[in-house]
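In what follows, a structure is listed as structure tokens, so that the remarks can point back to it.
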Amino acid sequence: MSIKYSILIADDEQSQRLILSGYLKQKGYAIFEAASGTEALKITDANLIDIVLSDFRMPDMNGIELLIKLKERNPEIAVVIVTAFGTIENAVKAMKEGAFDYLTKPVDLDELDMIIKRITERMHLISENKMLKEQLQDKNKISGIVAYSDKMEKILSTALRVAESKATVLLRGESGTGKEVLAKAIHYSSQRKEKPFVAVNCAALNENLLESELFGHEKGAFTGADKQRRGRFEIADGGTLFLDEIGDLPLSTQVKLLRVLQEEQFERVGGTQTIDVDVRMITATNKNLEELIREGKFREDLYYRINVVSVLIPPLRERKEDIIHLINHFKEKYISETSKKNIEFSREATDVLMKYNYPGNIRELENIVHHSIVLSRGDVIATADLPLQLSEFDFNETTLETNVNSALPEQVEILEKKLVVNALKKTNNNQLRASKILGISERNLRYRLEKWGMKNK
């Protein structure tokens, strides 16, 4: 057990305390015992307690009373209520007050293990994410990480775990999803944070320039090489090299890159001296590398080298919980460019921003917010202040694009919307006639329109 969690057993029955404490000590936990609620509070005040196993019936206070007092002292403490079988309703009341779970007497030790495992896994994940966010809040290290959705919380947790290793990381996702920002997050959360973070866009350079950019060149190596030049690998020595658009890397360069990953050494273009290098590699792509391998455009051995840890960053349309937070983040970033002290998006404009699908992902949202702030006529941004593709935004059309990753019920609903919209267009928005075309009642049609927020569209 890497972290020694502390558990307090509060029970006025000594035999029950002895059974549980003996078992949990063997599991490696730090154990405290209390014969009453009052004693449990004193122990909690004097020690860092992670988990409390509390009997419901104790002479001075019941389990719910103890739970409330514990949560006042430490909201993050996990409390498990132990109750007799006939008083389970008491445990249910306790869970409404914030108890993590409950156990019935006699305690099933396997069930106890499962509950404690769930608690410690949850604590570990919360601790990791809190640590990562604290690290990322340093403006000198990284800015732009906004993650409130469950999907992004899990990705940040993965980023923190992989940061401490030297394992290569492959970041996958559509353009504009924040792959480089996450690569920086991994670097600045690692022991290499004091060393350089160097980024190269493989798609922006032709084959000859790319090799010189990565490995450097000697004087006279090619026309125009009038002096020796260090490449990005040398510059990133001890730090992290981020190769964006790795799917566009030419096959000849892939061979040389594979050698660096395997042997940690290379020669400059036109040179013979072997240079040793210690670089952590992070790559990113929006292409299907497996398909490129089948087409003979990407080396399979290099794929396995760069794909030790793979992270798929979801598009913004699949993490809409983050949109409002990203809007506020970009608003704070660009409001300094104006003389206004405060700018808000109107309710209608916010509604459009929340419903839009963002084919350009976070990069597009940032551009939209910047555009709207610069061109806003006052302190409130209206829909007319949004870029053209949004001010003329058609909710019906934009939300009808299917997503191959969507579950079947979602895709069925998308198809239903499309059929409804087409029927309304054919009948010039006459709901009675549209319902007859669709073969449903007008009432059913109205219900669907209200459900989808399309009643007045």
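How things are named: the first chain in the structure tokens is A, the next is B, and so on; residues count from 1 in each chain; ligands count from 1 in the order shown.
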Do a neighbour search on A:Ala94 at 8 Å with only C-alpha atoms, toss out local chain neighbours closer than 4 positions, and write the hits as a PyMOL selection string.
-> chain A and resi 63-64+67+81+90+98-99
Picked from stretch 98-264 of chain A by DSSP as alpha helix (DSSP H), as a ChimeraX atom specification | /A:109-136,150-163,179-188,207-215,232-235,251-263
Write a file of the just-selected residues containing C-alpha atoms, as a PDB file, in the first residue's frame.
```pdb
ATOM      1  CA  LEU A 109     -15.063  -8.467   5.991  1.00  0.00           C
ATOM      2  CA  ASP A 110     -15.073  -8.933   2.209  1.00  0.00           C
ATOM      3  CA  GLU A 111     -17.741  -6.242   1.909  1.00  0.00           C
ATOM      4  CA  LEU A 112     -15.693  -4.029   4.237  1.00  0.00           C
ATOM      5  CA  ASP A 113     -12.664  -4.491   1.958  1.00  0.00           C
ATOM      6  CA  MET A 114     -14.679  -3.470  -1.105  1.00  0.00           C
ATOM      7  CA  ILE A 115     -16.019  -0.308   0.547  1.00  0.00           C
ATOM      8  CA  ILE A 116     -12.584   0.768   1.798  1.00  0.00           C
ATOM      9  CA  LYS A 117     -11.097   0.088  -1.649  1.00  0.00           C
ATOM     10  CA  ARG A 118     -13.727   2.331  -3.253  1.00  0.00           C
ATOM     11  CA  ILE A 119     -13.020   5.068  -0.716  1.00  0.00           C
ATOM     12  CA  THR A 120      -9.239   4.955  -1.132  1.00  0.00           C
ATOM     13  CA  GLU A 121      -9.453   4.868  -4.944  1.00  0.00           C
ATOM     14  CA  ARG A 122     -11.716   7.922  -4.856  1.00  0.00           C
ATOM     15  CA  MET A 123      -9.376   9.725  -2.451  1.00  0.00           C
ATOM     16  CA  HIS A 124      -6.381   8.897  -4.619  1.00  0.00           C
ATOM     17  CA  LEU A 125      -8.057  10.241  -7.774  1.00  0.00           C
ATOM     18  CA  ILE A 126      -9.171  13.447  -6.018  1.00  0.00           C
ATOM     19  CA  SER A 127      -5.678  13.948  -4.597  1.00  0.00           C
ATOM     20  CA  GLU A 128      -4.035  13.431  -8.002  1.00  0.00           C
ATOM     21  CA  ASN A 129      -6.327  15.853  -9.776  1.00  0.00           C
ATOM     22  CA  LYS A 130      -5.965  18.467  -7.037  1.00  0.00           C
ATOM     23  CA  MET A 131      -2.181  18.216  -7.219  1.00  0.00           C
ATOM     24  CA  LEU A 132      -2.163  18.484 -11.005  1.00  0.00           C
ATOM     25  CA  LYS A 133      -4.473  21.503 -11.015  1.00  0.00           C
ATOM     26  CA  GLU A 134      -2.315  23.242  -8.417  1.00  0.00           C
ATOM     27  CA  GLN A 135       0.751  22.620 -10.552  1.00  0.00           C
ATOM     28  CA  LEU A 136      -0.994  23.887 -13.657  1.00  0.00           C
ATOM     29  CA  ASP A 150     -15.594  13.720 -16.062  1.00  0.00           C
ATOM     30  CA  LYS A 151     -13.798  12.874 -19.313  1.00  0.00           C
ATOM     31  CA  MET A 152     -11.211  15.619 -18.842  1.00  0.00           C
ATOM     32  CA  GLU A 153     -10.801  14.860 -15.133  1.00  0.00           C
ATOM     33  CA  LYS A 154      -9.792  11.302 -16.068  1.00  0.00           C
ATOM     34  CA  ILE A 155      -7.403  12.591 -18.729  1.00  0.00           C
ATOM     35  CA  LEU A 156      -5.733  14.933 -16.212  1.00  0.00           C
ATOM     36  CA  SER A 157      -5.400  12.029 -13.803  1.00  0.00           C
ATOM     37  CA  THR A 158      -3.695   9.978 -16.533  1.00  0.00           C
ATOM     38  CA  ALA A 159      -1.439  12.932 -17.363  1.00  0.00           C
ATOM     39  CA  LEU A 160      -0.265  13.211 -13.762  1.00  0.00           C
ATOM     40  CA  ARG A 161       0.464   9.493 -13.463  1.00  0.00           C
ATOM     41  CA  VAL A 162       2.449   9.357 -16.701  1.00  0.00           C
ATOM     42  CA  ALA A 163       4.313  12.616 -15.998  1.00  0.00           C
ATOM     43  CA  LYS A 179      -3.089  18.406 -27.488  1.00  0.00           C
ATOM     44  CA  GLU A 180      -0.109  20.755 -27.137  1.00  0.00           C
ATOM     45  CA  VAL A 181      -1.545  22.267 -23.954  1.00  0.00           C
ATOM     46  CA  LEU A 182      -1.836  18.780 -22.450  1.00  0.00           C
ATOM     47  CA  ALA A 183       1.706  17.926 -23.607  1.00  0.00           C
ATOM     48  CA  LYS A 184       2.966  20.997 -21.728  1.00  0.00           C
ATOM     49  CA  ALA A 185       0.933  19.956 -18.701  1.00  0.00           C
ATOM     50  CA  ILE A 186       2.672  16.571 -18.669  1.00  0.00           C
ATOM     51  CA  HIS A 187       6.098  18.206 -19.032  1.00  0.00           C
ATOM     52  CA  TYR A 188       5.585  20.815 -16.309  1.00  0.00           C
ATOM     53  CA  GLU A 207      11.431  16.412 -45.472  1.00  0.00           C
ATOM     54  CA  ASN A 208      14.889  18.049 -45.735  1.00  0.00           C
ATOM     55  CA  LEU A 209      14.068  20.966 -43.483  1.00  0.00           C
ATOM     56  CA  LEU A 210      12.414  18.662 -40.944  1.00  0.00           C
ATOM     57  CA  GLU A 211      15.529  16.484 -40.541  1.00  0.00           C
ATOM     58  CA  SER A 212      17.699  19.565 -40.075  1.00  0.00           C
ATOM     59  CA  GLU A 213      15.148  20.960 -37.609  1.00  0.00           C
ATOM     60  CA  LEU A 214      15.120  17.760 -35.539  1.00  0.00           C
ATOM     61  CA  PHE A 215      18.745  16.657 -35.689  1.00  0.00           C
ATOM     62  CA  ARG A 232      15.545  20.332 -31.543  1.00  0.00           C
ATOM     63  CA  PHE A 233      16.743  17.072 -29.970  1.00  0.00           C
ATOM     64  CA  GLU A 234      19.888  18.755 -28.655  1.00  0.00           C
ATOM     65  CA  ILE A 235      17.940  21.802 -27.479  1.00  0.00           C
ATOM     66  CA  LEU A 251       9.185   7.499 -43.803  1.00  0.00           C
ATOM     67  CA  SER A 252      12.901   8.367 -44.055  1.00  0.00           C
ATOM     68  CA  THR A 253      12.646  10.590 -40.982  1.00  0.00           C
ATOM     69  CA  GLN A 254      10.633   7.922 -39.173  1.00  0.00           C
ATOM     70  CA  VAL A 255      13.640   5.575 -39.430  1.00  0.00           C
ATOM     71  CA  LYS A 256      15.950   8.135 -37.821  1.00  0.00           C
ATOM     72  CA  LEU A 257      13.414   8.969 -35.141  1.00  0.00           C
ATOM     73  CA  LEU A 258      13.067   5.287 -34.270  1.00  0.00           C
ATOM     74  CA  ARG A 259      16.822   5.031 -33.778  1.00  0.00           C
ATOM     75  CA  VAL A 260      16.846   7.979 -31.365  1.00  0.00           C
ATOM     76  CA  LEU A 261      14.054   6.389 -29.337  1.00  0.00           C
ATOM     77  CA  GLN A 262      15.837   3.024 -29.227  1.00  0.00           C
ATOM     78  CA  GLU A 263      19.455   4.122 -28.715  1.00  0.00           C
TER      79      GLU A 263
END
```
From A:Tyr303, A:Tyr356, A:Asp276, A:Glu267, residue lying nearest A:Asp237 [only C-alpha atoms] =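 Smallest distance to A:Asp237 is found for A:Asp276.
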Which of these residues is nearest to A:His371, using only C-alpha atoms: A:Leu390, A:Met454, A:Val79, A:Met95?
->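 Using only C-alpha atoms, A:His371 sits closest to A:Leu390.
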Name all residues at most 8 Å from A:Ala84 (count only C-alpha atoms; drop same-chain ones fewer than 6 positions away) and give them as a PDB file with N, CA and C atoms, in the first residue's frame.
```pdb
ATOM      1  N   THR A 104     -23.932  -3.725   7.617  1.00  0.00           N
ATOM      2  CA  THR A 104     -24.803  -4.307   8.634  1.00  0.00           C
ATOM      3  C   THR A 104     -24.012  -5.298   9.484  1.00  0.00           C
ATOM      4  N   LYS A 105     -24.420  -5.416  10.749  1.00  0.00           N
ATOM      5  CA  LYS A 105     -23.791  -6.366  11.667  1.00  0.00           C
ATOM      6  C   LYS A 105     -24.433  -7.736  11.493  1.00  0.00           C
ATOM      7  N   PRO A 106     -23.643  -8.800  11.626  1.00  0.00           N
ATOM      8  CA  PRO A 106     -22.175  -8.810  11.777  1.00  0.00           C
ATOM      9  C   PRO A 106     -21.499  -8.381  10.478  1.00  0.00           C
TER      10      PRO A 106
END
```
Do a neighbour search on stretch 304-312 of chain A at 7 Å with only C-alpha atoms, toss out local chain neighbours closer than 3 positions, and write the hits as a list in words.
->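 Residues meeting the cut-off are Ala167, Thr168, Val169, Leu170, Leu171, Arg172, Gly173, Glu300 and Asp301 of chain A.
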Can I get the selected residues back with N, CA and C atoms, as a CSV table (one decimal), in the first residue's frame?
```
chain,number,residue,atom,x,y,z
A,167,ALA,N,8.0,7.4,-20.1
A,167,ALA,CA,7.3,6.7,-21.1
A,167,ALA,C,6.8,7.7,-22.2
A,168,THR,N,6.9,7.2,-23.5
A,168,THR,CA,6.4,8.1,-24.6
A,168,THR,C,4.9,8.1,-24.5
A,169,VAL,N,4.4,9.3,-24.9
A,169,VAL,CA,2.9,9.5,-24.9
A,169,VAL,C,2.4,9.9,-26.2
A,170,LEU,N,1.3,9.2,-26.7
A,170,LEU,CA,0.7,9.6,-28.0
A,170,LEU,C,-0.6,10.3,-27.6
A,171,LEU,N,-0.8,11.5,-28.0
A,171,LEU,CA,-2.0,12.3,-27.8
A,171,LEU,C,-2.8,12.3,-29.1
A,172,ARG,N,-4.0,11.8,-29.0
A,172,ARG,CA,-4.9,11.7,-30.2
A,172,ARG,C,-6.1,12.5,-30.0
A,173,GLY,N,-6.6,13.0,-31.1
A,173,GLY,CA,-7.8,13.8,-31.1
A,173,GLY,C,-7.9,14.8,-32.2
A,300,GLU,N,5.3,0.5,-38.4
A,300,GLU,CA,4.6,-0.2,-37.3
A,300,GLU,C,5.5,-0.2,-36.0
A,301,ASP,N,6.8,-0.4,-36.2
A,301,ASP,CA,7.7,-0.4,-35.1
A,301,ASP,C,7.8,0.9,-34.4
```
Give me the stretch 57-176 of chain A side of the contact with stretch 317-338 of chain A, cut-off 8 Å, one line per residue showing its nearest atom pair and distance in Å at one decimal, counting only C-alpha atoms, sorted by chain and residue number, as a Markdown table.
```
| residue | atom | partner | partner_atom | distance |
| --- | --- | --- | --- | --- |
| A:Gly144 | CA | A:His329 | CA | 7.8 |
| A:Val146 | CA | A:Leu326 | CA | 6.3 |
| A:Ala147 | CA | A:Asp322 | CA | 6.2 |
| A:Tyr148 | CA | A:Asp322 | CA | 5.6 |
| A:Ser149 | CA | A:Glu321 | CA | 5.4 |
| A:Lys151 | CA | A:Arg319 | CA | 7.1 |
| A:Met152 | CA | A:Arg319 | CA | 7.9 |
```
Looking at A:Thr283, A:Leu53, A:Asp12, A:Glu364, which one is nearest to A:Leu24, with distances taken over only C-alpha atoms?
->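 That would be A:Leu53, the residue with the smallest distance to A:Leu24.
The space between atom CA of A:Ser54 and atom CA of A:Leu18 spans 13.8 Å.
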Atom-to-atom span, atom CA of A:Arg230 and atom CA of A:Gly216, Å = 4.5 Å
Nearest to A:Ala423 by atom-to-atom distance, counting only C-alpha atoms, from A:Leu241, A:Ala225, A:Leu438, A:Leu316 =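 Result for the nearest residue to A:Ala423: A:Leu438.
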How many Å separate atom CA of A:His370 from atom CA of A:Lys340?
-> 13.9 Å
In stretch 150-354 of chain A, DSSP strand (DSSP E or B) residues written as a ChimeraX atom specification = /A:169-172,197-201,217,229,240-244,265-267,269,274-276,280-285,309-312,344-345
Residues as selected, N, CA and C atoms, written as a short mmCIF file (atom, residue, chain, number, x, y, z; two decimals), in the first residue's frame, can you do that?
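Result went into result.cif, see below:
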```cif
data_model
loop_
_atom_site.label_atom_id
_atom_site.label_comp_id
_atom_site.auth_asym_id
_atom_site.auth_seq_id
_atom_site.Cartn_x
_atom_site.Cartn_y
_atom_site.Cartn_z
N VAL A 169 4.37 9.25 -24.93
CA VAL A 169 2.92 9.46 -24.87
C VAL A 169 2.43 9.88 -26.25
N LEU A 170 1.35 9.25 -26.69
CA LEU A 170 0.71 9.61 -27.96
C LEU A 170 -0.63 10.26 -27.64
N LEU A 171 -0.76 11.54 -27.99
CA LEU A 171 -2.00 12.28 -27.78
C LEU A 171 -2.80 12.27 -29.07
N ARG A 172 -4.04 11.81 -28.99
CA ARG A 172 -4.88 11.68 -30.17
C ARG A 172 -6.12 12.54 -30.00
N PHE A 197 10.95 22.58 -22.85
CA PHE A 197 9.86 21.94 -23.59
C PHE A 197 9.94 22.48 -25.01
N VAL A 198 10.19 21.60 -25.97
CA VAL A 198 10.43 22.01 -27.36
C VAL A 198 9.36 21.37 -28.25
N ALA A 199 8.68 22.20 -29.04
CA ALA A 199 7.60 21.72 -29.91
C ALA A 199 7.98 21.84 -31.38
N VAL A 200 7.64 20.83 -32.16
CA VAL A 200 7.87 20.83 -33.61
C VAL A 200 6.60 20.37 -34.30
N ASN A 201 6.16 21.11 -35.31
CA ASN A 201 5.01 20.70 -36.12
C ASN A 201 5.54 19.98 -37.36
N HIS A 217 22.43 20.35 -38.18
CA HIS A 217 23.29 20.05 -39.34
C HIS A 217 24.67 20.65 -39.13
N ARG A 229 24.50 23.98 -36.82
CA ARG A 229 23.24 24.33 -36.14
C ARG A 229 22.76 23.15 -35.30
N THR A 240 11.66 17.74 -22.69
CA THR A 240 10.61 17.06 -23.46
C THR A 240 10.56 17.60 -24.88
N LEU A 241 10.47 16.69 -25.84
CA LEU A 241 10.28 17.06 -27.24
C LEU A 241 8.87 16.67 -27.66
N PHE A 242 8.11 17.65 -28.11
CA PHE A 242 6.73 17.41 -28.54
C PHE A 242 6.65 17.46 -30.06
N LEU A 243 6.32 16.34 -30.68
CA LEU A 243 6.19 16.27 -32.14
C LEU A 243 4.70 16.24 -32.49
N ASP A 244 4.22 17.39 -32.97
CA ASP A 244 2.82 17.49 -33.37
C ASP A 244 2.66 17.01 -34.81
N GLN A 265 20.61 8.28 -29.28
CA GLN A 265 21.74 8.96 -29.91
C GLN A 265 21.45 9.16 -31.40
N PHE A 266 22.16 10.14 -31.99
CA PHE A 266 21.94 10.46 -33.40
C PHE A 266 23.15 11.23 -33.92
N GLU A 267 23.18 11.50 -35.24
CA GLU A 267 24.19 12.37 -35.85
C GLU A 267 23.49 13.54 -36.52
N VAL A 269 22.76 16.21 -39.49
CA VAL A 269 22.77 16.07 -40.96
C VAL A 269 24.15 16.52 -41.46
N THR A 274 28.60 11.04 -33.17
CA THR A 274 27.39 10.53 -32.51
C THR A 274 27.12 11.35 -31.25
N ILE A 275 25.90 11.83 -31.13
CA ILE A 275 25.52 12.68 -30.01
C ILE A 275 24.51 11.94 -29.14
N ASP A 276 24.83 11.81 -27.86
CA ASP A 276 23.90 11.19 -26.90
C ASP A 276 22.89 12.22 -26.42
N ARG A 280 12.48 13.17 -23.34
CA ARG A 280 11.17 12.53 -23.18
C ARG A 280 10.31 12.91 -24.40
N MET A 281 9.77 11.93 -25.08
CA MET A 281 9.04 12.17 -26.32
C MET A 281 7.53 12.14 -26.10
N ILE A 282 6.86 13.19 -26.52
CA ILE A 282 5.40 13.23 -26.57
C ILE A 282 5.01 13.55 -28.01
N THR A 283 4.12 12.77 -28.58
CA THR A 283 3.68 13.01 -29.96
C THR A 283 2.17 13.22 -30.00
N ALA A 284 1.70 13.78 -31.10
CA ALA A 284 0.26 14.03 -31.25
C ALA A 284 -0.14 13.88 -32.70
N THR A 285 -1.39 13.49 -32.92
CA THR A 285 -1.90 13.37 -34.28
C THR A 285 -3.41 13.44 -34.28
N VAL A 309 1.88 5.01 -23.93
CA VAL A 309 0.65 5.51 -23.29
C VAL A 309 -0.11 6.34 -24.32
N SER A 310 -1.35 5.98 -24.57
CA SER A 310 -2.18 6.70 -25.55
C SER A 310 -3.30 7.43 -24.82
N VAL A 311 -3.48 8.70 -25.15
CA VAL A 311 -4.54 9.51 -24.54
C VAL A 311 -5.41 10.09 -25.65
N LEU A 312 -6.69 9.78 -25.62
CA LEU A 312 -7.64 10.31 -26.60
C LEU A 312 -8.36 11.51 -25.98
N GLU A 344 -20.23 40.65 -20.44
CA GLU A 344 -20.99 39.41 -20.25
C GLU A 344 -21.66 39.02 -21.56
N PHE A 345 -21.83 37.73 -21.77
CA PHE A 345 -22.60 37.24 -22.90
C PHE A 345 -24.07 37.21 -22.51
#
```
